[in-house]
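The file start.txt comes next; it holds compact mmCIF, C-alpha atoms.
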# COMPACT_ATOMS: atom_id res chain seq x y z
CA GLY A 1 -21.24 -35.73 6.97
CA GLN A 2 -23.25 -33.16 5.13
CA GLN A 3 -22.18 -32.58 1.55
CA VAL A 4 -23.37 -30.22 -1.12
CA MET A 5 -21.96 -31.10 -4.50
CA GLN A 6 -22.18 -29.14 -7.68
CA ILE A 7 -21.63 -30.28 -11.22
CA PRO A 8 -19.91 -29.52 -13.39
CA GLN A 9 -16.88 -28.14 -11.58
CA TYR A 10 -15.83 -26.16 -14.63
CA GLN A 11 -17.71 -25.12 -17.74
CA HIS A 12 -16.48 -23.29 -20.83
CA VAL A 13 -19.14 -21.99 -23.21
CA GLN A 14 -19.21 -19.82 -26.28
CA GLU A 15 -20.94 -16.52 -25.75
CA GLY A 16 -24.60 -16.98 -26.56
CA GLU A 17 -24.76 -20.62 -25.48
CA ASP A 18 -26.79 -21.74 -22.51
CA PHE A 19 -25.30 -22.92 -19.21
CA THR A 20 -26.61 -25.02 -16.35
CA THR A 21 -25.13 -25.91 -12.98
CA TYR A 22 -26.63 -28.54 -10.73
CA CYS A 23 -26.54 -28.61 -6.95
CA ASN A 24 -27.12 -31.76 -4.91
CA SER A 25 -27.28 -32.02 -1.15
CA SER A 26 -26.95 -35.19 0.88
CA THR A 27 -29.63 -33.91 3.26
CA THR A 28 -32.78 -31.84 2.98
CA LEU A 29 -32.23 -28.10 2.99
CA SER A 30 -34.58 -25.56 4.52
CA ASN A 31 -33.97 -23.31 1.57
CA ILE A 32 -31.44 -22.91 -1.21
CA GLN A 33 -29.45 -19.80 -1.92
CA TRP A 34 -27.30 -19.00 -4.91
CA TYR A 35 -24.20 -16.81 -4.92
CA LYS A 36 -21.93 -15.55 -7.67
CA GLN A 37 -18.26 -14.87 -7.16
CA ARG A 38 -16.43 -12.96 -9.84
CA PRO A 39 -12.71 -13.68 -10.25
CA GLY A 40 -10.86 -11.91 -7.45
CA GLY A 41 -14.09 -10.90 -5.75
CA HIS A 42 -16.28 -12.11 -2.95
CA PRO A 43 -19.54 -14.08 -3.19
CA VAL A 44 -22.61 -11.99 -3.89
CA PHE A 45 -26.11 -13.15 -3.07
CA LEU A 46 -28.29 -13.82 -6.12
CA ILE A 47 -31.50 -15.41 -4.90
CA GLN A 48 -33.18 -17.61 -2.34
CA LEU A 49 -35.72 -20.36 -2.98
CA VAL A 50 -37.78 -21.73 -0.13
CA LYS A 51 -40.64 -23.84 -1.42
CA SER A 52 -40.41 -27.35 -2.78
CA GLY A 53 -40.47 -27.23 -6.60
CA GLU A 54 -40.10 -23.44 -6.66
CA VAL A 55 -38.87 -21.76 -9.82
CA LYS A 56 -37.66 -18.17 -9.98
CA LYS A 57 -36.31 -16.11 -12.83
CA GLN A 58 -33.96 -13.15 -12.93
CA LYS A 59 -33.71 -11.96 -16.53
CA ARG A 60 -31.65 -14.68 -18.24
CA LEU A 61 -31.18 -16.72 -15.05
CA THR A 62 -33.63 -19.42 -14.00
CA PHE A 63 -33.38 -21.03 -10.58
CA GLN A 64 -35.16 -24.20 -9.54
CA PHE A 65 -35.53 -25.95 -6.18
CA GLY A 66 -36.22 -29.67 -6.28
CA GLU A 67 -39.35 -31.32 -4.96
CA ALA A 68 -37.40 -33.13 -2.25
CA LYS A 69 -35.52 -29.91 -1.35
CA LYS A 70 -32.22 -31.71 -1.83
CA ASN A 71 -31.26 -30.39 -5.22
CA SER A 72 -31.36 -27.21 -7.23
CA SER A 73 -30.27 -25.87 -10.57
CA LEU A 74 -29.27 -22.57 -12.10
CA HIS A 75 -29.74 -22.11 -15.82
CA ILE A 76 -28.39 -19.17 -17.79
CA THR A 77 -29.83 -18.54 -21.23
CA ALA A 78 -27.63 -16.99 -23.92
CA THR A 79 -24.56 -16.42 -21.78
CA GLN A 80 -22.67 -13.15 -21.90
CA THR A 81 -19.10 -12.37 -20.90
CA THR A 82 -20.44 -10.65 -17.79
CA ASP A 83 -21.69 -14.04 -16.59
CA VAL A 84 -18.12 -15.18 -15.96
CA GLY A 85 -17.51 -16.32 -12.39
CA THR A 86 -18.07 -19.12 -9.95
CA TYR A 87 -21.61 -19.96 -8.94
CA PHE A 88 -22.23 -21.44 -5.53
CA CYS A 89 -25.37 -22.93 -4.11
CA ALA A 90 -25.78 -22.91 -0.35
CA GLY A 91 -28.35 -23.75 2.22
CA PRO A 92 -29.11 -24.47 5.84
CA SER A 93 -29.69 -27.90 7.28
CA GLY A 94 -30.48 -27.77 10.96
CA ASN A 95 -28.25 -25.17 12.54
CA GLN A 96 -25.54 -25.47 9.93
CA PHE A 97 -25.08 -23.62 6.66
CA TYR A 98 -23.42 -25.44 3.79
CA PHE A 99 -21.86 -24.20 0.57
CA GLY A 100 -21.70 -26.21 -2.59
CA THR A 101 -18.42 -26.99 -4.30
CA GLY A 102 -19.08 -24.35 -6.94
CA THR A 103 -19.15 -24.27 -10.73
CA SER A 104 -16.67 -22.03 -12.48
CA LEU A 105 -18.07 -20.57 -15.71
CA THR A 106 -15.89 -19.24 -18.49
CA VAL A 107 -17.56 -17.49 -21.41
CA ILE A 108 -15.57 -17.33 -24.63
CA PRO A 109 -16.34 -14.21 -26.68
CA GLY B 1 -28.63 -3.82 0.94
CA ALA B 2 -26.70 -5.04 3.93
CA VAL B 3 -22.99 -4.25 3.93
CA VAL B 4 -20.18 -6.18 5.53
CA SER B 5 -16.77 -4.56 5.61
CA GLN B 6 -13.58 -6.56 5.96
CA HIS B 7 -10.18 -5.10 6.69
CA PRO B 8 -7.43 -5.28 5.61
CA SER B 9 -8.09 -6.35 2.03
CA ARG B 10 -4.47 -7.40 1.59
CA VAL B 11 -1.75 -8.06 4.12
CA ILE B 12 1.75 -9.40 3.95
CA CYS B 13 3.40 -10.59 7.13
CA LYS B 14 6.56 -12.35 8.14
CA SER B 15 6.53 -15.97 9.16
CA GLY B 16 6.02 -16.31 12.90
CA THR B 17 4.07 -13.10 13.38
CA SER B 18 0.35 -12.70 14.00
CA VAL B 19 -2.20 -10.99 11.81
CA LYS B 20 -5.65 -9.71 12.72
CA ILE B 21 -8.50 -9.41 10.23
CA GLU B 22 -11.63 -7.45 11.10
CA CYS B 23 -15.15 -8.03 9.90
CA ARG B 24 -17.82 -5.41 10.51
CA SER B 25 -21.50 -5.33 9.67
CA LEU B 26 -22.05 -1.69 8.80
CA ASP B 27 -25.80 -1.24 8.74
CA PHE B 28 -27.19 -4.18 10.67
CA GLN B 29 -26.53 -6.24 13.75
CA ALA B 30 -25.21 -9.66 12.89
CA THR B 31 -26.42 -12.46 15.08
CA THR B 32 -23.89 -14.81 13.61
CA MET B 33 -20.64 -14.31 11.78
CA PHE B 34 -18.79 -16.90 9.75
CA TRP B 35 -15.17 -17.15 8.75
CA TYR B 36 -14.14 -18.95 5.58
CA ARG B 37 -10.93 -19.78 3.86
CA GLN B 38 -10.80 -20.12 0.11
CA PHE B 39 -8.02 -21.66 -1.92
CA PRO B 40 -7.66 -20.69 -5.59
CA LYS B 41 -10.46 -22.04 -7.76
CA GLN B 42 -12.03 -23.87 -4.84
CA SER B 43 -15.14 -23.48 -2.76
CA LEU B 44 -15.40 -21.68 0.54
CA MET B 45 -14.23 -23.74 3.45
CA LEU B 46 -16.03 -22.87 6.66
CA MET B 47 -13.51 -22.38 9.45
CA ALA B 48 -15.72 -21.31 12.32
CA THR B 49 -19.05 -19.89 13.33
CA SER B 50 -19.23 -17.21 15.97
CA ASN B 51 -22.12 -15.75 17.90
CA GLU B 52 -21.79 -12.48 19.76
CA GLY B 53 -20.58 -12.93 23.30
CA SER B 54 -19.87 -16.64 23.08
CA LYS B 55 -16.99 -18.83 22.02
CA ALA B 56 -16.67 -19.63 18.36
CA THR B 57 -17.54 -23.07 17.06
CA TYR B 58 -14.70 -24.39 14.97
CA GLU B 59 -15.02 -26.86 12.13
CA GLN B 60 -13.19 -30.13 12.32
CA GLY B 61 -9.53 -29.77 11.42
CA VAL B 62 -9.32 -26.04 12.17
CA GLU B 63 -6.91 -25.22 14.98
CA LYS B 64 -8.68 -22.94 17.44
CA ASP B 65 -5.41 -21.88 19.05
CA LYS B 66 -4.01 -20.83 15.70
CA PHE B 67 -7.08 -19.09 14.34
CA LEU B 68 -8.41 -16.99 17.18
CA ILE B 69 -11.89 -15.64 16.67
CA ASN B 70 -13.43 -12.93 18.78
CA HIS B 71 -16.99 -11.71 18.39
CA ALA B 72 -17.15 -8.94 20.95
CA SER B 73 -20.18 -7.11 19.58
CA LEU B 74 -23.08 -7.59 17.20
CA THR B 75 -21.21 -5.64 14.53
CA LEU B 76 -17.62 -6.81 14.86
CA SER B 77 -15.79 -10.11 14.65
CA THR B 78 -12.04 -10.57 14.35
CA LEU B 79 -9.89 -13.42 13.12
CA THR B 80 -6.30 -13.53 14.34
CA VAL B 81 -3.90 -15.86 12.59
CA THR B 82 -1.24 -16.54 15.19
CA SER B 83 2.34 -17.54 14.43
CA ALA B 84 1.58 -17.43 10.73
CA HIS B 85 3.36 -19.73 8.31
CA PRO B 86 3.54 -19.62 4.51
CA GLU B 87 0.94 -22.39 4.28
CA ASP B 88 -1.52 -20.04 5.99
CA SER B 89 -1.39 -17.79 2.94
CA SER B 90 -4.89 -17.72 1.56
CA PHE B 91 -8.03 -15.71 0.91
CA TYR B 92 -10.05 -15.31 4.11
CA ILE B 93 -13.68 -14.19 3.90
CA CYS B 94 -16.09 -13.32 6.64
CA SER B 95 -19.83 -13.24 6.40
CA ALA B 96 -22.63 -12.11 8.62
CA GLN B 97 -26.17 -13.28 9.13
CA VAL B 98 -29.19 -11.84 10.89
CA GLY B 99 -31.43 -14.19 12.79
CA SER B 100 -31.87 -17.85 11.95
CA PRO B 101 -29.58 -20.05 9.82
CA GLY B 102 -32.07 -19.78 6.97
CA ASN B 103 -31.52 -16.08 6.43
CA THR B 104 -29.37 -14.54 3.74
CA ILE B 105 -25.66 -14.32 4.33
CA TYR B 106 -23.77 -11.17 3.46
CA PHE B 107 -20.10 -11.43 2.65
CA GLY B 108 -17.18 -9.16 3.35
CA GLU B 109 -14.83 -8.28 0.54
CA GLY B 110 -12.26 -10.81 1.70
CA SER B 111 -8.66 -10.52 2.86
CA TRP B 112 -5.65 -11.81 0.98
CA LEU B 113 -3.02 -12.98 3.44
CA THR B 114 0.50 -13.64 2.25
CA VAL B 115 3.02 -15.00 4.72
CA VAL B 116 6.64 -14.62 3.67

Represent the supplied structure as structure tokens.
Amino acid sequence: GQQVMQIPQYQHVQEGEDFTTYCNSSTTLSNIQWYKQRPGGHPVFLIQLVKSGEVKKQKRLTFQFGEAKKNSSLHITATQTTDVGTYFCAGPSGNQFYFGTGTSLTVIP
Amino acid sequence: GAVVSQHPSRVICKSGTSVKIECRSLDFQATTMFWYRQFPKQSLMLMATSNEGSKATYEQGVEKDKFLINHASLTLSTLTVTSAHPEDSSFYICSAQVGSPGNTIYFGEGSWLTVV
């Protein structure tokens, strides 16, 4: 069945280092959405990418949607302790909506 | 932005009893509502998808008689965990969506259920 995998599952970085999480879907997605879940909180919408090859930036965060619309990445430049949390990619395929397995980011001060 | 309210945020119940969790879209009408279960440090597991006025569509492996979902209006969906057992203890999150599956999903704050 449909799978959306993210790697790595966990990532520990020193504050100031960069971080990247990769999202791979087994099927083509209509669009890709990214969510952030802080420890103990609920997922919060970050951004949506729709076009093949699209790149969007939000301050230190850079989001990319693959040409085949089956993969995406989120890159954080110069991480801060406020970046701590789990990052999920998600997207629709047909009438279903799928969440990635998530990448948990820990930032060491 | 859109707000989805979930209640209660935390609930403790005795084994064998039933618990109801409410999910409300406060400032928009949700075409579709989703219910998820999340285990510690894991991703969201979709339990069921519900559309207003129709029966919920349950994911494989989710017992529909145990997890009763009602979507009576465009702003309210409820999840009832019937005859709860300790293994049902978990974080349950609802989300709501307007329009097509490609639209943004807005999450409730989640409900921590502990069955003792």

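Among the candidates B:Thr104, B:Ser111, B:Asn51, B:Thr31, the one nearest to Leu46 (chain A) when counting all atoms listed in the file is B:Thr104.
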
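You can rank A:Val84, A:Leu61, A:Ile108, A:Ile47 by their closest distance to chain B using all atoms listed in the file, and at the top of that list sits A:Ile47.
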
For Lys57 (chain A): contacts at 10 Å, only C-alpha atoms, fewer than 5 positions along chain excluded, given as a ChimeraX atom specification: /A:47,62-64,74-76

Provide as an NGL selection string the residues of chain B at most 8 Å from chain A, counting only C-alpha atoms. :B and (41-44 or 93 or 101-102 or 104-110)

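Comparing B:Gly99, B:Met47, B:Phe91, B:Glu52 by their smallest distance to Leu68 (chain B), the closest is B:Met47 (using only C-alpha atoms).
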
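Picture a line from CA of Lys69 (chain A) to CA of Met5 (chain A); it runs 14.0 Å.
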
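Put simply, CA of Cys23 (chain B) is 15.3 Å away from CA of Gly53 (chain B).
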
Region 3-13 of chain B surroundings by all atoms listed in the file, 8 Å radius, close-in-sequence under 3 positions cut, as an MDAnalysis selection string: chainID B and resid 17:19 21:28 84 93:96 106:116

Only C-alpha atoms, please: the residues just picked out, written as an mmCIF file, in the frame of the given file.
data_model
loop_
_atom_site.group_PDB
_atom_site.id
_atom_site.type_symbol
_atom_site.label_atom_id
_atom_site.label_comp_id
_atom_site.auth_asym_id
_atom_site.auth_seq_id
_atom_site.Cartn_x
_atom_site.Cartn_y
_atom_site.Cartn_z
ATOM 1 C CA THR B 17 4.070 -13.100 13.380
ATOM 2 C CA SER B 18 0.350 -12.700 14.000
ATOM 3 C CA VAL B 19 -2.200 -10.990 11.810
ATOM 4 C CA ILE B 21 -8.500 -9.410 10.230
ATOM 5 C CA GLU B 22 -11.630 -7.450 11.100
ATOM 6 C CA CYS B 23 -15.150 -8.030 9.900
ATOM 7 C CA ARG B 24 -17.820 -5.410 10.510
ATOM 8 C CA SER B 25 -21.500 -5.330 9.670
ATOM 9 C CA LEU B 26 -22.050 -1.690 8.800
ATOM 10 C CA ASP B 27 -25.800 -1.240 8.740
ATOM 11 C CA PHE B 28 -27.190 -4.180 10.670
ATOM 12 C CA ALA B 84 1.580 -17.430 10.730
ATOM 13 C CA ILE B 93 -13.680 -14.190 3.900
ATOM 14 C CA CYS B 94 -16.090 -13.320 6.640
ATOM 15 C CA SER B 95 -19.830 -13.240 6.400
ATOM 16 C CA ALA B 96 -22.630 -12.110 8.620
ATOM 17 C CA TYR B 106 -23.770 -11.170 3.460
ATOM 18 C CA PHE B 107 -20.100 -11.430 2.650
ATOM 19 C CA GLY B 108 -17.180 -9.160 3.350
ATOM 20 C CA GLU B 109 -14.830 -8.280 0.540
ATOM 21 C CA GLY B 110 -12.260 -10.810 1.700
ATOM 22 C CA SER B 111 -8.660 -10.520 2.860
ATOM 23 C CA TRP B 112 -5.650 -11.810 0.980
ATOM 24 C CA LEU B 113 -3.020 -12.980 3.440
ATOM 25 C CA THR B 114 0.500 -13.640 2.250
ATOM 26 C CA VAL B 115 3.020 -15.000 4.720
ATOM 27 C CA VAL B 116 6.640 -14.620 3.670
#

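In this structure, CA of Ser73 (chain A) sits 19.7 Å away from CA of Asn103 (chain B).
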
Here is a test: counting only C-alpha atoms, which residue of B:Ser77, B:Ser83, B:Gln60, B:Ser15 is nearest to Met33 (chain B)? B:Ser77

Which one of A:Leu49, A:Val4, A:Cys89, A:Ala78 sits closest to Phe19 (chain A) if you count all atoms listed in the file? A:Ala78

Can you rebuild region 11-22 of chain A with all heavy atoms and give it as a CSV table (one decimal), keeping the file's coordinate frame?
chain,number,residue,atom,x,y,z
A,11,GLN,N,-17.0,-25.1,-16.5
A,11,GLN,CA,-17.7,-25.1,-17.7
A,11,GLN,C,-17.2,-24.0,-18.6
A,11,GLN,O,-17.2,-22.8,-18.2
A,11,GLN,CB,-19.2,-25.0,-17.5
A,11,GLN,CG,-20.1,-25.0,-18.7
A,11,GLN,CD,-20.3,-26.4,-19.2
A,11,GLN,OE1,-20.9,-27.3,-18.5
A,11,GLN,NE2,-19.9,-26.7,-20.4
A,12,HIS,N,-16.9,-24.3,-19.8
A,12,HIS,CA,-16.5,-23.3,-20.8
A,12,HIS,C,-17.6,-23.3,-21.9
A,12,HIS,O,-17.9,-24.3,-22.4
A,12,HIS,CB,-15.1,-23.6,-21.5
A,12,HIS,CG,-14.0,-23.5,-20.6
A,12,HIS,ND1,-13.8,-24.4,-19.5
A,12,HIS,CD2,-12.9,-22.6,-20.5
A,12,HIS,CE1,-12.7,-24.0,-18.9
A,12,HIS,NE2,-12.1,-23.0,-19.5
A,13,VAL,N,-18.1,-22.1,-22.2
A,13,VAL,CA,-19.1,-22.0,-23.2
A,13,VAL,C,-18.8,-20.8,-24.1
A,13,VAL,O,-18.1,-19.9,-23.7
A,13,VAL,CB,-20.5,-21.8,-22.6
A,13,VAL,CG1,-20.9,-23.0,-21.7
A,13,VAL,CG2,-20.6,-20.5,-21.8
A,14,GLN,N,-19.3,-20.9,-25.4
A,14,GLN,CA,-19.2,-19.8,-26.3
A,14,GLN,C,-20.3,-18.8,-25.9
A,14,GLN,O,-21.4,-19.2,-25.5
A,14,GLN,CB,-19.5,-20.3,-27.7
A,14,GLN,CG,-18.4,-21.1,-28.3
A,14,GLN,CD,-17.1,-20.3,-28.7
A,14,GLN,OE1,-16.0,-20.7,-28.5
A,14,GLN,NE2,-17.4,-19.0,-29.1
A,15,GLU,N,-20.0,-17.6,-26.0
A,15,GLU,CA,-20.9,-16.5,-25.8
A,15,GLU,C,-22.2,-16.8,-26.6
A,15,GLU,O,-22.1,-17.0,-27.8
A,15,GLU,CB,-20.4,-15.1,-26.1
A,15,GLU,CG,-21.2,-14.0,-25.6
A,15,GLU,CD,-20.6,-12.7,-25.8
A,15,GLU,OE1,-19.6,-12.6,-26.6
A,15,GLU,OE2,-21.0,-11.7,-25.2
A,16,GLY,N,-23.3,-16.7,-25.9
A,16,GLY,CA,-24.6,-17.0,-26.6
A,16,GLY,C,-25.2,-18.4,-26.3
A,16,GLY,O,-26.4,-18.6,-26.5
A,17,GLU,N,-24.3,-19.3,-25.8
A,17,GLU,CA,-24.8,-20.6,-25.5
A,17,GLU,C,-25.4,-20.6,-24.1
A,17,GLU,O,-25.2,-19.7,-23.3
A,17,GLU,CB,-23.6,-21.6,-25.5
A,17,GLU,CG,-23.1,-21.9,-26.9
A,17,GLU,CD,-21.9,-22.9,-26.9
A,17,GLU,OE1,-21.3,-23.2,-25.8
A,17,GLU,OE2,-21.7,-23.5,-27.9
A,18,ASP,N,-26.2,-21.6,-23.8
A,18,ASP,CA,-26.8,-21.7,-22.5
A,18,ASP,C,-25.8,-22.5,-21.5
A,18,ASP,O,-24.9,-23.2,-22.0
A,18,ASP,CB,-28.1,-22.5,-22.6
A,18,ASP,CG,-29.2,-21.8,-23.4
A,18,ASP,OD1,-28.9,-20.6,-23.7
A,18,ASP,OD2,-30.2,-22.4,-23.6
A,19,PHE,N,-26.1,-22.3,-20.3
A,19,PHE,CA,-25.3,-22.9,-19.2
A,19,PHE,C,-26.2,-23.4,-18.1
A,19,PHE,O,-27.2,-22.7,-17.7
A,19,PHE,CB,-24.3,-21.9,-18.7
A,19,PHE,CG,-23.7,-22.2,-17.3
A,19,PHE,CD1,-22.7,-23.2,-17.2
A,19,PHE,CD2,-24.1,-21.5,-16.2
A,19,PHE,CE1,-22.2,-23.4,-15.9
A,19,PHE,CE2,-23.6,-21.7,-15.0
A,19,PHE,CZ,-22.7,-22.7,-14.8
A,20,THR,N,-25.9,-24.5,-17.5
A,20,THR,CA,-26.6,-25.0,-16.4
A,20,THR,C,-25.7,-25.6,-15.3
A,20,THR,O,-24.7,-26.4,-15.7
A,20,THR,CB,-27.6,-26.1,-16.7
A,20,THR,OG1,-28.5,-25.6,-17.7
A,20,THR,CG2,-28.5,-26.5,-15.5
A,21,THR,N,-25.9,-25.3,-14.1
A,21,THR,CA,-25.1,-25.9,-13.0
A,21,THR,C,-26.1,-26.6,-12.0
A,21,THR,O,-27.2,-26.0,-11.8
A,21,THR,CB,-24.2,-24.9,-12.2
A,21,THR,OG1,-23.7,-25.5,-11.0
A,21,THR,CG2,-25.0,-23.7,-11.8
A,22,TYR,N,-25.8,-27.7,-11.6
A,22,TYR,CA,-26.6,-28.5,-10.7
A,22,TYR,C,-26.1,-28.7,-9.3
A,22,TYR,O,-24.9,-28.9,-9.2
A,22,TYR,CB,-26.8,-29.9,-11.3
A,22,TYR,CG,-27.4,-29.9,-12.7
A,22,TYR,CD1,-26.6,-29.9,-13.8
A,22,TYR,CD2,-28.8,-29.9,-12.9
A,22,TYR,CE1,-27.2,-29.9,-15.1
A,22,TYR,CE2,-29.4,-29.9,-14.1
A,22,TYR,CZ,-28.6,-29.9,-15.2
A,22,TYR,OH,-29.1,-29.8,-16.5
